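First comes the structure, then the notes that go with it.
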Number of protein chains: 2
Amino acid sequence: MRRSERIVRLTRTLMNHPGEPLSLTDMADQLDAAKSSLSEDLAIIREVMDEDGEGTLRTQMGAAGGVLFEVNVAWAKAREFLERAIVRLSQGERILPGGYLYMSDLLAEPDVLRMVGKMFAKIFSPMAPDLVLTVETKGIPLTVMTAQYLHRPFVIARRDHRVTEGSSVSVNYVSGSDRRIQTMSLSKRSIKQGARVLIIDDFMKAGGTVKAMSALLNEFEANVVGTGVFMETAEPEGKLVSNYVSLLTLSQVDEMRQRVMIEPGNYLKEST
Amino acid sequence: MRRSERIVRLTRTLMNHPGEPLSLTDMADQLDAAKSSLSEDLAIIREVMDEDGEGTLRTQMGAAGGVLFEVNVAWAKAREFLERAIVRLSQGERILPGGYLYMSDLLAEPDVLRMVGKMFAKIFSPMAPDLVLTVETKGIPLTVMTAQYLHRPFVIARRDHRVTEGSSVSVNYVSGSDRRIQTMSLSKRSIKQGARVLIIDDFMKAGGTVKAMSALLNEFEANVVGTGVFMETAEPEGKLVSNYVSLLTLSQVDEMRQRVMIEPGNYLKEST
């Protein structure tokens, strides 16, 4: 096999398996190549990914040698992405009765979801989560993509108890968006004791929903290792949760004058 | 730039943008390469993807030349994947009271979701859908991944009307799983008249839920161009919808004897 063909296959495998440790021996077998050639190929890929800020390639040499590709998003690209999102989300016609902001279309675009998934994966990968947790419904796509890039499974808490989930554990909470008492439940089978859990959601106002997810995890004796939200609101300033990462901050929705004000969230502060 | 480095970057770009037409001129600019070199590189990538059954690279030459990478899954790999899924889903401890089958864990694994997304994208790509539709909750992850590989946005119908979606259209329907009248609603902003829509869901019994999605689309004067479900049940044989693709068929759940029988769905029949 020519080097160029091997490089296509290696790059494809790494891109298909971000966050997943891959065995060098298996790869050498599949490509019918010597490990030494493979190491040279991987060195080229590592250099390119590094230079472009697209990912980090970690290799462990030796008999049980492996390689792990972790996605990266350059800070400049993250900033550019957030600025474009702000322009699009600030359109007055997105304001819904009650001062809500319509953003379901944006959070359903393949490029947006891929970028958000990579941005969360980049920032939370060092916390080594075992799984990602969200509550239905709008946080699910962000969770699916984040979990893809971290190569971790996810769990979806339900707002009602469903027969198809088996026995479950429930908590009650007050959500800021709906201002009513709600129930959130999680299948007993879904989380193991001691699990390291990353919480992802689309929107956070006071933080009641995220706090409820955290309370649910307590019931499972699992640990929150990070919380990421796509958008938080500037008010109230004092949230029910601390230590979260937000991509955007909604600082004002003026229904009367059809004005929306959005700023980058605290995500970019991690760059300094 | 060395050819090997260019090939890493090209392969990465194609893998990051399945289903999306990419401009040759833009790529040549970004890589600071002549279009002729690029064409040679793309020929190598095309050959490898073809040979491995991992994707098709379509190129349009000329001034407005472009390249489009469509994911593929070799039939043998699809069959192997389904067989492994059957073994895992046939475990007796998955049976829940009422004869339901617990499969949330499987449908939350990154590798499973990636594979299902690719399998649906492969089969529905020729129908050229404009978007993918599902109803909350468990079909969402499959929908997100299918939409990624098709490079299309998706829309999530809600089981209740949410303030954050704006004005919406609703239909009532009877779901086979819950045997009660339910409501399904879709934001008025979400679908344009004449849109070509692919319906995806996790589970189909009689087909009431899928039929309701189709009825909703009628209200938008949009067209169903395909329907894909992860699992259908063998009974009832006569479904409320025709022309759907299923990956698996659940033929028996015996609560007493803790036995589950699952077979490949009609997906593999497309291979003959």
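By convention in this document, the chains of the structure tokens carry letters A, B, ... by their order, each chain's residues are numbered from 1, and ligands are numbered from 1 in the order they are shown.
Residues with any atom within 6 Å of Ile156 in chain A, counting only C-alpha atoms and excluding same-chain neighbours fewer than 4 positions away, are Leu133, Thr134 and Val135 of chain A.
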- Task: Run DSSP on the backbone and give me the residues of range 4-67 of chain A it puts in strand (DSSP E or B), as an MDAnalysis selection string.
- Result: chainID A and resid 22:23 55:60 66:67
- Item | Check: which chain B residues lie within 7 Å of chain A using only C-alpha atoms, as JSON, numbers by chain | {"B": [4, 5, 7, 8, 11, 12, 15, 44, 45, 48, 96, 100, 101, 102, 108, 109, 110, 136, 137, 141, 144, 147, 148, 151, 152, 153, 154, 155, 164, 165, 166]}
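We find CA of Met1 in chain B and CA of Asp26 in chain B to be spaced 16.4 Å apart.
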Show which residues sit within 8 Å of Val224 in chain A, as a compact mmCIF listing (two decimals) with C-alpha atoms, in the first residue's frame. Count only C-alpha atoms, and ignore same-chain residues fewer than 4 positions away.
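In the end it all went to part33.txt:
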```txt
# COMPACT_ATOMS: atom_id res chain seq x y z
CA ARG A 196 -18.02 10.97 36.56
CA VAL A 197 -20.76 12.91 34.79
CA LEU A 198 -20.71 15.90 32.47
CA ILE A 199 -24.01 17.86 32.39
CA SER A 214 -27.15 17.36 39.94
CA LEU A 217 -26.94 12.33 40.24
```
- Which neighbours of Gly55 in chain B fall inside 6 Å, counting only C-alpha atoms, when residues of the same chain fewer than 6 positions from it are skipped, and could you give them as a PyMOL selection string? chain B and resi 49+70-72
File dump, residues just selected, C-alpha atoms, as a compact mmCIF listing (two decimals), in the first residue's frame:
```
# COMPACT_ATOMS: atom_id res chain seq x y z
CA MET B 49 -12.95 5.16 0.06
CA GLU B 70 -21.17 10.72 0.69
CA VAL B 71 -20.74 8.16 3.45
CA ASN B 72 -21.26 4.53 2.66
```
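Taking CA of Thr209 in chain B and CA of Met184 in chain B as endpoints, the distance between them is 8.9 Å.
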Using only C-alpha atoms, find each residue in range 52-105 of chain A having at least one atom no more than 10 Å away from range 233-247 of chain A; report its shortest atom-to-atom pair and that distance in Å (one decimal), rows by chain then rising number, as JSON lines.
```
{"residue": "A:Ala78", "atom": "CA", "partner": "A:Leu247", "partner_atom": "CA", "distance": 9.4}
{"residue": "A:Arg79", "atom": "CA", "partner": "A:Leu247", "partner_atom": "CA", "distance": 9.7}
{"residue": "A:Leu82", "atom": "CA", "partner": "A:Leu247", "partner_atom": "CA", "distance": 7.4}
```
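DSSP, applied to the backbone of this structure, assigns alpha helix (DSSP H) to the following residues of range 214-256 of chain B: Ser214, Ala215, Leu216, Leu217, Asn218 and Glu219 of chain B.
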- Item | Residue contacts of Lys192 in chain B (8 Å, only C-alpha atoms) excluding same-chain residues fewer than 3 positions away, as a list of chain:residue names | B:Arg189, B:Ala195, B:Phe220, B:Ala222
Write the residues you've just listed into a file as a compact mmCIF listing (two decimals), in the first residue's frame, and include N, CA and C atoms for each of them.
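Contents of out12.txt, as written:
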```txt
# COMPACT_ATOMS: atom_id res chain seq x y z
N ARG B 189 -42.58 27.77 12.34
CA ARG B 189 -41.39 28.27 11.64
C ARG B 189 -40.53 27.15 11.07
N ALA B 195 -41.24 21.12 1.30
CA ALA B 195 -40.00 20.49 1.77
C ALA B 195 -40.05 18.97 1.61
N PHE B 220 -48.22 21.17 6.70
CA PHE B 220 -47.20 22.10 6.22
C PHE B 220 -47.05 22.02 4.70
N ALA B 222 -45.75 19.65 3.17
CA ALA B 222 -44.43 19.09 2.92
C ALA B 222 -44.58 17.62 2.56
```
